[in-house]
>>> print(open('entry-v1.txt').read())   # compact mmCIF, C-alpha atoms
# COMPACT_ATOMS: atom_id res chain seq x y z
CA MET A 1 132.30 130.80 197.84
CA THR A 2 130.26 128.87 195.25
CA LYS A 3 130.42 125.12 194.95
CA VAL A 4 132.37 125.42 191.70
CA TRP A 5 135.13 127.40 193.43
CA THR A 6 135.12 124.82 196.23
CA TYR A 7 135.72 122.09 193.63
CA VAL A 8 138.55 124.13 192.09
CA SER A 9 140.15 124.67 195.51
CA LEU A 10 139.96 120.92 196.21
CA VAL A 11 141.71 120.12 192.92
CA LEU A 12 144.46 122.61 193.79
CA VAL A 13 144.84 121.00 197.23
CA MET A 14 145.13 117.55 195.61
CA ILE A 15 147.87 118.87 193.30
CA ILE A 16 149.71 120.17 196.38
CA TRP A 17 149.14 116.95 198.34
CA GLY A 18 150.31 114.89 195.37
CA GLY A 19 153.58 116.84 195.33
CA ASN A 20 153.73 116.56 199.11
CA VAL A 21 154.11 112.78 198.80
CA VAL A 22 157.48 113.36 197.14
CA ALA A 23 158.38 115.85 199.89
CA ILE A 24 157.45 113.36 202.61
CA LYS A 25 159.56 110.65 200.93
CA LEU A 26 162.55 112.98 201.04
CA LEU A 27 161.88 113.92 204.67
CA VAL A 28 161.47 110.39 206.05
CA ASN A 29 164.64 109.34 204.24
CA ALA A 30 166.56 112.21 205.85
CA PHE A 31 165.09 111.96 209.38
CA THR A 32 163.20 109.49 211.59
CA PRO A 33 159.60 109.27 210.27
CA ILE A 34 157.45 109.86 213.37
CA THR A 35 159.55 112.70 214.79
CA ILE A 36 159.78 114.62 211.51
CA THR A 37 156.06 114.05 210.86
CA ALA A 38 155.22 115.46 214.29
CA LEU A 39 157.39 118.54 213.70
CA ARG A 40 155.97 119.03 210.20
CA LEU A 41 152.40 118.96 211.54
CA PHE A 42 153.38 121.27 214.43
CA GLY A 43 154.64 123.73 211.81
CA ALA A 44 151.30 123.34 210.03
CA ALA A 45 149.47 124.15 213.28
CA LEU A 46 151.52 127.33 213.76
CA THR A 47 150.70 128.32 210.17
CA VAL A 48 146.95 128.03 210.77
CA PHE A 49 147.20 129.98 214.05
CA VAL A 50 148.99 132.75 212.10
CA VAL A 51 146.13 132.72 209.57
CA LEU A 52 143.67 133.12 212.44
CA ALA A 53 145.66 136.06 213.80
CA VAL A 54 145.85 137.76 210.39
CA MET A 55 142.11 137.26 209.90
CA ARG A 56 141.56 138.51 213.48
CA GLN A 57 139.48 135.44 214.24
CA SER A 58 139.24 133.99 217.71
CA PHE A 59 140.79 130.58 218.29
CA ARG A 60 139.12 130.11 221.68
CA LEU A 61 136.93 127.06 222.13
CA THR A 62 134.82 125.81 225.02
CA ALA A 63 136.01 122.86 227.09
CA ARG A 64 133.41 120.66 225.39
CA GLN A 65 134.57 121.76 221.93
CA MET A 66 138.22 121.22 222.87
CA ALA A 67 137.42 117.65 223.94
CA ALA A 68 135.70 117.00 220.60
CA VAL A 69 138.62 118.52 218.65
CA PHE A 70 141.01 116.34 220.66
CA LEU A 71 139.13 113.25 219.44
CA VAL A 72 139.35 114.52 215.85
CA GLY A 73 143.09 115.07 216.29
CA LEU A 74 143.51 111.53 217.60
CA CYS A 75 141.97 110.16 214.41
CA ASN A 76 143.01 112.63 211.69
CA VAL A 77 146.52 113.46 212.90
CA VAL A 78 147.78 110.84 215.36
CA GLY A 79 146.04 107.73 214.06
CA HIS A 80 146.16 108.45 210.32
CA HIS A 81 149.75 109.71 210.17
CA TYR A 82 151.12 107.10 212.61
CA PHE A 83 149.53 104.20 210.73
CA LEU A 84 150.55 105.67 207.37
CA ALA A 85 154.19 106.31 208.33
CA THR A 86 154.56 102.90 209.99
CA GLY A 87 152.70 101.05 207.24
CA LEU A 88 154.86 102.53 204.47
CA THR A 89 157.94 101.02 206.11
CA LYS A 90 156.37 97.55 206.00
CA THR A 91 154.55 97.35 202.64
CA THR A 92 154.97 98.41 199.02
CA ALA A 93 153.95 101.81 197.71
CA SER A 94 151.54 100.11 195.27
CA ASN A 95 149.77 98.16 198.00
CA ALA A 96 149.47 101.35 200.05
CA GLY A 97 148.16 103.30 197.04
CA ILE A 98 145.39 100.80 196.35
CA ILE A 99 144.31 100.63 200.00
CA LEU A 100 144.36 104.42 200.37
CA GLY A 101 142.21 104.58 197.23
CA MET A 102 139.43 102.98 199.30
CA SER A 103 139.20 106.11 201.48
CA PRO A 104 136.31 107.76 199.54
CA LEU A 105 134.23 104.58 199.62
CA VAL A 106 134.85 104.00 203.34
CA THR A 107 134.05 107.67 204.06
CA ALA A 108 130.82 107.44 202.03
CA LEU A 109 129.77 104.32 203.94
CA PHE A 110 130.50 105.95 207.32
CA ALA A 111 128.61 109.07 206.22
CA ALA A 112 125.63 106.95 205.16
CA VAL A 113 125.54 105.17 208.53
CA LEU A 114 126.51 107.99 210.92
CA LEU A 115 125.28 111.11 209.12
CA ARG A 116 122.36 109.51 207.27
CA ASP A 117 123.79 110.66 203.93
CA ARG A 118 122.04 109.13 200.95
CA LEU A 119 124.40 106.90 198.95
CA ARG A 120 123.04 107.69 195.49
CA PRO A 121 123.76 105.22 192.63
CA LEU A 122 125.60 107.97 190.72
CA LYS A 123 127.83 108.67 193.72
CA LEU A 124 128.55 104.97 194.21
CA LEU A 125 129.39 104.60 190.49
CA GLY A 126 131.74 107.57 190.72
CA ILE A 127 133.53 106.12 193.76
CA VAL A 128 133.99 102.76 192.01
CA LEU A 129 135.33 104.47 188.85
CA GLY A 130 137.70 106.57 190.94
CA PHE A 131 139.00 103.52 192.80
CA THR A 132 139.46 101.71 189.45
CA GLY A 133 141.55 104.64 188.23
CA VAL A 134 143.73 104.48 191.35
CA VAL A 135 144.31 100.75 190.72
CA PHE A 136 145.37 101.50 187.11
CA ILE A 137 147.85 104.11 188.32
CA VAL A 138 149.50 102.30 191.22
CA THR A 139 149.64 98.83 189.65
CA HIS A 140 151.64 100.20 186.73
CA SER A 141 154.12 102.13 188.85
CA SER A 142 157.73 101.08 189.29
CA ALA A 143 156.89 99.31 192.54
CA LYS A 144 155.55 95.77 192.41
CA ILE A 145 152.40 94.57 194.09
CA GLY A 146 153.36 92.61 197.17
CA ALA A 147 151.58 90.00 199.24
CA VAL A 148 149.36 91.10 202.12
CA SER A 149 151.54 92.07 205.08
CA ILE A 150 151.26 93.69 208.49
CA GLY A 151 152.07 96.94 206.69
CA ASP A 152 148.83 96.61 204.73
CA VAL A 153 146.94 96.30 208.01
CA TYR A 154 148.52 99.56 209.18
CA ILE A 155 147.45 101.27 205.93
CA VAL A 156 143.88 100.03 206.48
CA GLY A 157 144.11 101.62 209.92
CA ALA A 158 145.17 104.87 208.25
CA VAL A 159 142.11 104.75 205.97
CA LEU A 160 139.68 103.99 208.80
CA THR A 161 140.98 106.71 211.14
CA GLN A 162 140.96 109.27 208.33
CA ALA A 163 137.41 108.39 207.26
CA ILE A 164 136.13 108.59 210.85
CA SER A 165 137.85 111.96 211.30
CA PHE A 166 136.08 113.34 208.21
CA ILE A 167 132.73 112.47 209.82
CA PHE A 168 133.77 114.20 213.06
CA ILE A 169 134.94 117.28 211.14
CA LYS A 170 131.64 117.51 209.26
CA LYS A 171 129.64 117.38 212.51
CA LEU A 172 131.96 119.74 214.41
CA ALA A 173 131.99 122.28 211.58
CA GLN A 174 128.34 123.01 212.35
CA THR A 175 129.30 124.64 215.67
CA VAL A 176 133.07 125.28 215.51
CA ASP A 177 134.95 127.58 213.12
CA VAL A 178 136.76 125.31 210.66
CA VAL A 179 140.02 127.27 210.76
CA ALA A 180 140.17 127.14 214.59
CA LEU A 181 139.25 123.46 214.47
CA THR A 182 142.13 122.77 212.05
CA ALA A 183 144.63 124.72 214.16
CA TRP A 184 143.84 122.95 217.43
CA MET A 185 143.53 119.56 215.74
CA LEU A 186 147.01 119.87 214.25
CA LEU A 187 148.52 121.24 217.47
CA MET A 188 147.11 118.51 219.72
CA GLY A 189 147.82 115.71 217.26
CA SER A 190 151.39 116.80 216.51
CA THR A 191 152.17 117.03 220.24
CA ILE A 192 151.02 113.46 220.83
CA LEU A 193 152.93 112.24 217.76
CA PHE A 194 156.06 114.00 219.03
CA LEU A 195 155.78 112.17 222.37
CA ILE A 196 155.35 108.87 220.49
CA GLY A 197 158.45 109.71 218.47
CA LEU A 198 160.47 110.40 221.63
CA ALA A 199 159.42 107.04 223.04
CA THR A 200 159.96 104.93 219.92
CA GLU A 201 162.69 106.62 217.87
CA GLN A 202 166.05 106.82 219.58
CA GLY A 203 168.21 109.64 218.30
CA GLY A 204 165.31 111.18 216.38
CA LEU A 205 166.04 114.70 217.59
CA GLY A 206 169.78 114.24 217.04
CA GLN A 207 169.23 113.57 213.34
CA LEU A 208 167.65 116.99 212.87
CA ALA A 209 171.07 118.66 213.11
CA LYS A 210 172.23 116.67 210.04
CA GLY A 211 169.59 118.14 207.74
CA SER A 212 170.78 120.20 204.77
CA GLY A 213 169.41 123.60 203.78
CA SER A 214 167.50 122.13 200.85
CA ILE A 215 165.80 119.46 202.97
CA TRP A 216 164.70 122.11 205.48
CA PHE A 217 163.23 124.14 202.60
CA VAL A 218 161.24 121.02 201.64
CA PHE A 219 160.18 120.65 205.29
CA PHE A 220 158.83 124.21 205.59
CA ALA A 221 157.07 124.04 202.22
CA SER A 222 155.40 120.78 203.24
CA ALA A 223 154.43 122.07 206.69
CA VAL A 224 153.14 125.50 205.69
CA VAL A 225 151.59 124.95 202.25
CA ALA A 226 150.55 121.29 202.16
CA SER A 227 149.78 120.39 205.77
CA GLY A 228 148.76 123.83 207.05
CA ILE A 229 146.97 125.75 204.32
CA GLY A 230 146.00 122.56 202.42
CA GLN A 231 144.35 120.95 205.47
CA MET A 232 142.52 124.19 206.26
CA ILE A 233 141.07 124.43 202.74
CA TYR A 234 140.14 120.74 202.74
CA ASN A 235 138.31 120.98 206.08
CA ARG A 236 136.42 124.00 204.76
CA ALA A 237 135.38 121.88 201.76
CA ILE A 238 134.10 119.14 204.07
CA GLN A 239 131.96 121.77 205.79
CA ARG A 240 130.55 123.04 202.47
CA LEU A 241 130.16 119.82 200.47
CA GLY A 242 130.02 116.98 202.98
CA ALA A 243 132.49 114.34 204.14
CA SER A 244 131.96 111.79 201.37
CA GLU A 245 131.83 114.35 198.52
CA ALA A 246 135.11 116.00 199.58
CA ALA A 247 136.78 112.61 200.16
CA VAL A 248 136.23 111.63 196.52
CA PHE A 249 138.81 114.20 195.45
CA ILE A 250 141.51 112.25 197.34
CA ASN A 251 141.54 109.86 194.38
CA LEU A 252 143.25 112.62 192.37
CA SER A 253 146.23 112.72 194.72
CA PRO A 254 147.99 109.51 193.52
CA PHE A 255 148.10 110.78 189.94
CA PHE A 256 149.45 114.20 190.92
CA SER A 257 151.99 112.39 193.07
CA LEU A 258 153.01 110.46 189.98
CA VAL A 259 153.36 113.71 188.02
CA ALA A 260 155.52 115.19 190.78
CA SER A 261 157.67 112.05 190.80
CA ALA A 262 158.12 112.36 187.04
CA LEU A 263 159.10 116.03 187.32
CA PHE A 264 161.41 115.82 190.33
CA LEU A 265 162.52 112.18 190.51
CA GLY A 266 162.63 111.28 186.80
CA GLU A 267 159.96 108.55 187.00
CA THR A 268 157.96 107.60 183.89
CA ILE A 269 154.19 108.01 183.45
CA HIS A 270 152.76 105.14 181.41
CA LEU A 271 149.81 105.37 178.99
CA VAL A 272 147.72 103.10 181.23
CA GLN A 273 148.22 105.56 184.10
CA TRP A 274 146.83 108.40 181.97
CA PHE A 275 143.87 106.11 181.26
CA GLY A 276 143.50 105.59 185.02
CA PHE A 277 143.55 109.36 185.54
CA LEU A 278 140.62 109.68 183.10
CA PHE A 279 138.67 107.14 185.19
CA ILE A 280 139.44 109.17 188.32
CA VAL A 281 138.29 112.46 186.78
CA ILE A 282 135.00 110.92 185.62
CA GLY A 283 134.56 109.31 189.04
CA VAL A 284 135.19 112.60 190.87
CA LEU A 285 132.75 114.49 188.61
CA LEU A 286 130.02 111.92 189.24
CA ALA A 287 130.53 111.18 192.95
CA SER A 288 131.13 114.73 194.15
CA GLY A 289 128.15 116.23 192.34
CA ALA A 290 130.50 118.54 190.44
CA LEU A 291 129.07 117.52 187.05
CA GLU A 292 125.52 118.32 188.16
CA GLU A 293 126.68 121.68 189.58
CA LEU A 294 128.49 122.58 186.34
CA VAL A 295 125.41 121.70 184.26
CA LEU A 296 123.12 123.73 186.55
CA SER A 297 125.55 126.67 186.56
CA SER A 298 125.68 126.61 182.75
CA SER A 299 121.89 126.44 182.52
CA ARG A 300 121.48 129.41 184.87
CA LYS A 301 123.92 131.49 182.78
CA GLN A 302 122.01 130.66 179.57
CA MET A 303 118.69 131.60 181.20
CA THR A 304 120.00 134.91 182.56
CA GLY A 305 121.87 135.60 179.30
>>> encode(input="entry-v1.txt", output="C-alpha cells")
Amino acid sequence: MTKVWTYVSLVLVMIIWGGNVVAIKLLVNAFTPITITALRLFGAALTVFVVLAVMRQSFRLTARQMAAVFLVGLCNVVGHHYFLATGLTKTTASNAGIILGMSPLVTALFAAVLLRDRLRPLKLLGIVLGFTGVVFIVTHSSAKIGAVSIGDVYIVGAVLTQAISFIFIKKLAQTVDVVALTAWMLLMGSTILFLIGLATEQGGLGQLAKGSGSIWFVFFASAVVASGIGQMIYNRAIQRLGASEAAVFINLSPFFSLVASALFLGETIHLVQWFGFLFIVIGVLLASGALEELVLSSSRKQMTG
C-alpha cells in the first residue's frame, strides 16, 4: 500500500470515528458507560480475531510480546477509554474537544523524545493549525465552554495514555503483526474494563436487557466497524507512517462528528466551523507529510508520462 492510500484510509477511519462519537453518545445514554464500553471493545476484539482467521494469519505471540501488548492495552484501551468516559460525565463536550485536539501535539512530543523523531518546523506548524481548527469547531458548538474541572483532568489523562500507546504501537509493530497486536490489545483491555465496570457500576449488566433493537444495531456497528476494523487500519497506519504523523489525522474526527450530529441529531454547522475544518485540512496536509507525498507522486507521474 502506498503512502497516498494510507492517507486515504486514515481519512475514511476519521469519518467513521467521527460518526462513532454519535453512536457512543447513544450507547452511554442507554447503558452504564464503562460496562457498555467494555462490551463494545470486546466485540471489536472478536472482529479482529475473525479477520485474522479469514486471512489465515497466526495470532500467537511470545510471552514477552504478550507482556508488551498488555502494557499497550492498559494505555490505549483501559486508560484512554476509562478517562474519556469518566471525563465526559464531568466536563463539557467543548472542553473535552479542545483537550483531545492536543493529542497530535502530545504524540509528536513523545515521539521526538522517545523515538528520536525529528520535529520539523512544517510538522509543528501543521499541528498548530490543526489544533486551531479544532478550537474553531468546538468553541462554536451548541455546548458552552466551561471552567476547568476534574473532568478536564480526566480528559488530559485520556490524551496522555493515548499518546503513550501510539509510541508503544509504533515500536511493537517492528516485531509484532499489527493485526494480532490490535486483537490482543482490545481483548485484554476490554476484559480489564469489564471488571472495572462490575466493581463500579451497580446494575450495569441488568440494564443490557432494556436495550432496544435499534440501539443494539448501533452497538454492533460501533464495535465491528469503528472500534474493530477502524482501530486495525489506524494501527497499520502508525506502522507505515509513524506515531506523530498518523495522530495528526485525529484532528479531522471532531468535524466529522459534527457532520454526523447534523445528519442524525439535527445540529447546525456554523460557517466558522467550516473555516475551522479548512485549518484542520491544511494542518493535516502539512504535519503528516501528505502534501509532500502528493507533490512527489505528481512529479513522478509527469516524468514517467
>>> closest_residue(input="entry-v1.txt", among="A:Leu186, A:Val134, A:Ala63, A:Leu105", to="Phe255 of chain A", atoms="only C-alpha atoms")
A:Val134
>>> residues_near_point(input="entry-v1.txt", point="(143.7, 105.2, 220.9)", cutoff="12 Å", atoms="only C-alpha atoms", output="list in words")
Phe70, Leu71, Val72, Gly73, Leu74, Cys75, Asn76, Val77, Val78, Gly79, His80, Tyr82, Phe83, Gly157, Thr161, Gly189 and Ile192 of chain A
>>> residues_around(input="entry-v1.txt", residues="segment 10-23 of chain A", least_positions_apart="6", cutoff="9 Å", atoms="only C-alpha atoms", output="PyMOL selection string")
chain A and resi 215+218-219+221-222+225-227+229-231+233-234+237+246+249-261+264-265
>>> residues_around(input="entry-v1.txt", residues="Ala243 of chain A", least_positions_apart="2", cutoff="8 Å", atoms="all atoms listed in the file", output="list in words")
Thr107, Ala108, Ala111, Phe166, Ile167, Ile169, Lys170, Ile238, Gln239, Leu241, Glu245, Ala246 and Ala247 of chain A
>>> residues_near_point(input="entry-v1.txt", point="(153.9, 121.3, 209.4)", cutoff="8 Å", atoms="only C-alpha atoms", output="MDAnalysis selection string")
chainID A and resid 37:47 219:220 222:224 226:228
>>> closest_residue(input="entry-v1.txt", among="A:Ala173, A:Leu26, A:Ile99, A:Ile155", to="Gly242 of chain A", atoms="only C-alpha atoms")
A:Ala173
>>> closest_residue(input="entry-v1.txt", among="A:Gly133, A:Leu181, A:Asp117, A:Thr86", to="Leu52 of chain A", atoms="all atoms listed in the file")
A:Leu181
>>> atom_distance(input="entry-v1.txt", atom1="atom CA of Ile280 of chain A", atom2="atom CA of Leu129 of chain A")
6.3 Å
>>> atom_distance(input="entry-v1.txt", atom1="atom CA of Val28 of chain A", atom2="atom CA of Met102 of chain A")
24.2 Å
>>> atom_distance(input="entry-v1.txt", atom1="atom CA of Leu172 of chain A", atom2="atom CA of Leu160 of chain A")
18.4 Å
>>> axis_aligned_box(input="entry-v1.txt", around="segment 161-166 of chain A", padding_each_side="6 Å", output="lines of an AutoDock Vina configuration file")
center_x = 138.5
center_y = 110.0
center_z = 209.3
size_x = 16.9
size_y = 18.6
size_z = 16.0
>>> closest_residue(input="entry-v1.txt", among="A:His81, A:Arg56, A:Lys210, A:Lys123", to="Phe194 of chain A", atoms="all atoms listed in the file")
A:His81
>>> closest_residue(input="entry-v1.txt", among="A:Met185, A:Val50, A:Ala180, A:Ile150", to="Ala67 of chain A", atoms="all atoms listed in the file")
A:Met185
>>> decode(input="entry-v1.txt", residues="segment 151-235 of chain A", atoms="C-alpha atoms", output="mmCIF file, in the first residue's frame")
data_model
loop_
_atom_site.group_PDB
_atom_site.id
_atom_site.type_symbol
_atom_site.label_atom_id
_atom_site.label_comp_id
_atom_site.auth_asym_id
_atom_site.auth_seq_id
_atom_site.Cartn_x
_atom_site.Cartn_y
_atom_site.Cartn_z
ATOM 1 C CA GLY A 151 -13.432 16.198 34.249
ATOM 2 C CA ASP A 152 -10.843 18.176 32.281
ATOM 3 C CA VAL A 153 -8.102 16.428 34.247
ATOM 4 C CA TYR A 154 -9.586 13.069 33.243
ATOM 5 C CA ILE A 155 -9.611 14.141 29.576
ATOM 6 C CA VAL A 156 -5.930 15.133 29.858
ATOM 7 C CA GLY A 157 -5.342 11.622 31.200
ATOM 8 C CA ALA A 158 -7.115 10.250 28.124
ATOM 9 C CA VAL A 159 -4.807 12.259 25.840
ATOM 10 C CA LEU A 160 -1.626 11.217 27.664
ATOM 11 C CA THR A 161 -2.469 7.492 27.755
ATOM 12 C CA GLN A 162 -3.451 7.526 24.086
ATOM 13 C CA ALA A 163 -0.274 9.335 23.022
ATOM 14 C CA ILE A 164 1.924 6.932 25.018
ATOM 15 C CA SER A 165 0.104 3.962 23.483
ATOM 16 C CA PHE A 166 0.817 5.256 19.965
ATOM 17 C CA ILE A 167 4.545 5.231 20.778
ATOM 18 C CA PHE A 168 4.296 1.658 22.101
ATOM 19 C CA ILE A 169 2.369 0.557 18.994
ATOM 20 C CA LYS A 170 4.982 2.074 16.686
ATOM 21 C CA LYS A 171 7.808 0.236 18.482
ATOM 22 C CA LEU A 172 5.902 -3.056 18.785
ATOM 23 C CA ALA A 173 4.858 -3.005 15.128
ATOM 24 C CA GLN A 174 8.503 -3.594 14.207
ATOM 25 C CA THR A 175 8.355 -7.134 15.626
ATOM 26 C CA VAL A 176 4.643 -7.975 16.074
ATOM 27 C CA ASP A 177 1.982 -8.279 13.365
ATOM 28 C CA VAL A 178 -0.226 -5.200 13.690
ATOM 29 C CA VAL A 179 -3.496 -7.111 13.286
ATOM 30 C CA ALA A 180 -2.571 -9.612 16.031
ATOM 31 C CA LEU A 181 -1.395 -6.730 18.211
ATOM 32 C CA THR A 182 -4.756 -4.969 17.774
ATOM 33 C CA ALA A 183 -6.736 -8.128 18.555
ATOM 34 C CA TRP A 184 -4.920 -8.937 21.796
ATOM 35 C CA MET A 185 -4.781 -5.287 22.855
ATOM 36 C CA LEU A 186 -8.552 -4.951 22.534
ATOM 37 C CA LEU A 187 -9.229 -8.309 24.206
ATOM 38 C CA MET A 188 -7.015 -7.659 27.237
ATOM 39 C CA GLY A 189 -8.120 -4.049 27.630
ATOM 40 C CA SER A 190 -11.841 -4.787 27.316
ATOM 41 C CA THR A 191 -11.576 -7.570 29.914
ATOM 42 C CA ILE A 192 -9.995 -5.222 32.449
ATOM 43 C CA LEU A 193 -12.566 -2.506 31.673
ATOM 44 C CA PHE A 194 -15.367 -5.043 32.167
ATOM 45 C CA LEU A 195 -14.006 -5.921 35.630
ATOM 46 C CA ILE A 196 -13.817 -2.198 36.464
ATOM 47 C CA GLY A 197 -17.424 -1.834 35.323
ATOM 48 C CA LEU A 198 -18.538 -4.727 37.543
ATOM 49 C CA ALA A 199 -16.848 -3.096 40.527
ATOM 50 C CA THR A 200 -18.035 0.479 39.958
ATOM 51 C CA GLU A 201 -21.363 0.282 38.121
ATOM 52 C CA GLN A 202 -24.129 -1.444 40.038
ATOM 53 C CA GLY A 203 -26.797 -2.911 37.804
ATOM 54 C CA GLY A 204 -24.696 -2.372 34.683
ATOM 55 C CA LEU A 205 -25.373 -5.846 33.318
ATOM 56 C CA GLY A 206 -29.060 -5.616 34.234
ATOM 57 C CA GLN A 207 -29.504 -2.561 32.012
ATOM 58 C CA LEU A 208 -28.430 -4.537 28.949
ATOM 59 C CA ALA A 209 -31.782 -6.347 28.875
ATOM 60 C CA LYS A 210 -33.556 -2.985 28.424
ATOM 61 C CA GLY A 211 -31.804 -2.162 25.159
ATOM 62 C CA SER A 212 -33.950 -1.819 22.031
ATOM 63 C CA GLY A 213 -33.221 -3.455 18.687
ATOM 64 C CA SER A 214 -32.069 -0.170 17.179
ATOM 65 C CA ILE A 215 -29.614 0.564 19.997
ATOM 66 C CA TRP A 216 -28.103 -2.918 19.637
ATOM 67 C CA PHE A 217 -27.683 -2.269 15.896
ATOM 68 C CA VAL A 218 -25.757 0.894 16.832
ATOM 69 C CA PHE A 219 -23.700 -1.159 19.308
ATOM 70 C CA PHE A 220 -22.649 -3.776 16.742
ATOM 71 C CA ALA A 221 -21.881 -1.162 14.086
ATOM 72 C CA SER A 222 -19.712 0.736 16.563
ATOM 73 C CA ALA A 223 -17.947 -2.407 17.798
ATOM 74 C CA VAL A 224 -17.295 -4.063 14.443
ATOM 75 C CA VAL A 225 -16.717 -1.150 12.052
ATOM 76 C CA ALA A 226 -15.417 1.711 14.205
ATOM 77 C CA SER A 227 -13.598 0.028 17.091
ATOM 78 C CA GLY A 228 -12.573 -3.208 15.365
ATOM 79 C CA ILE A 229 -11.786 -2.546 11.720
ATOM 80 C CA GLY A 230 -11.099 1.176 12.328
ATOM 81 C CA GLN A 231 -8.535 0.510 15.076
ATOM 82 C CA MET A 232 -6.860 -2.156 12.943
ATOM 83 C CA ILE A 233 -6.463 0.224 9.989
ATOM 84 C CA TYR A 234 -5.246 3.030 12.248
ATOM 85 C CA ASN A 235 -2.595 0.838 13.899
#
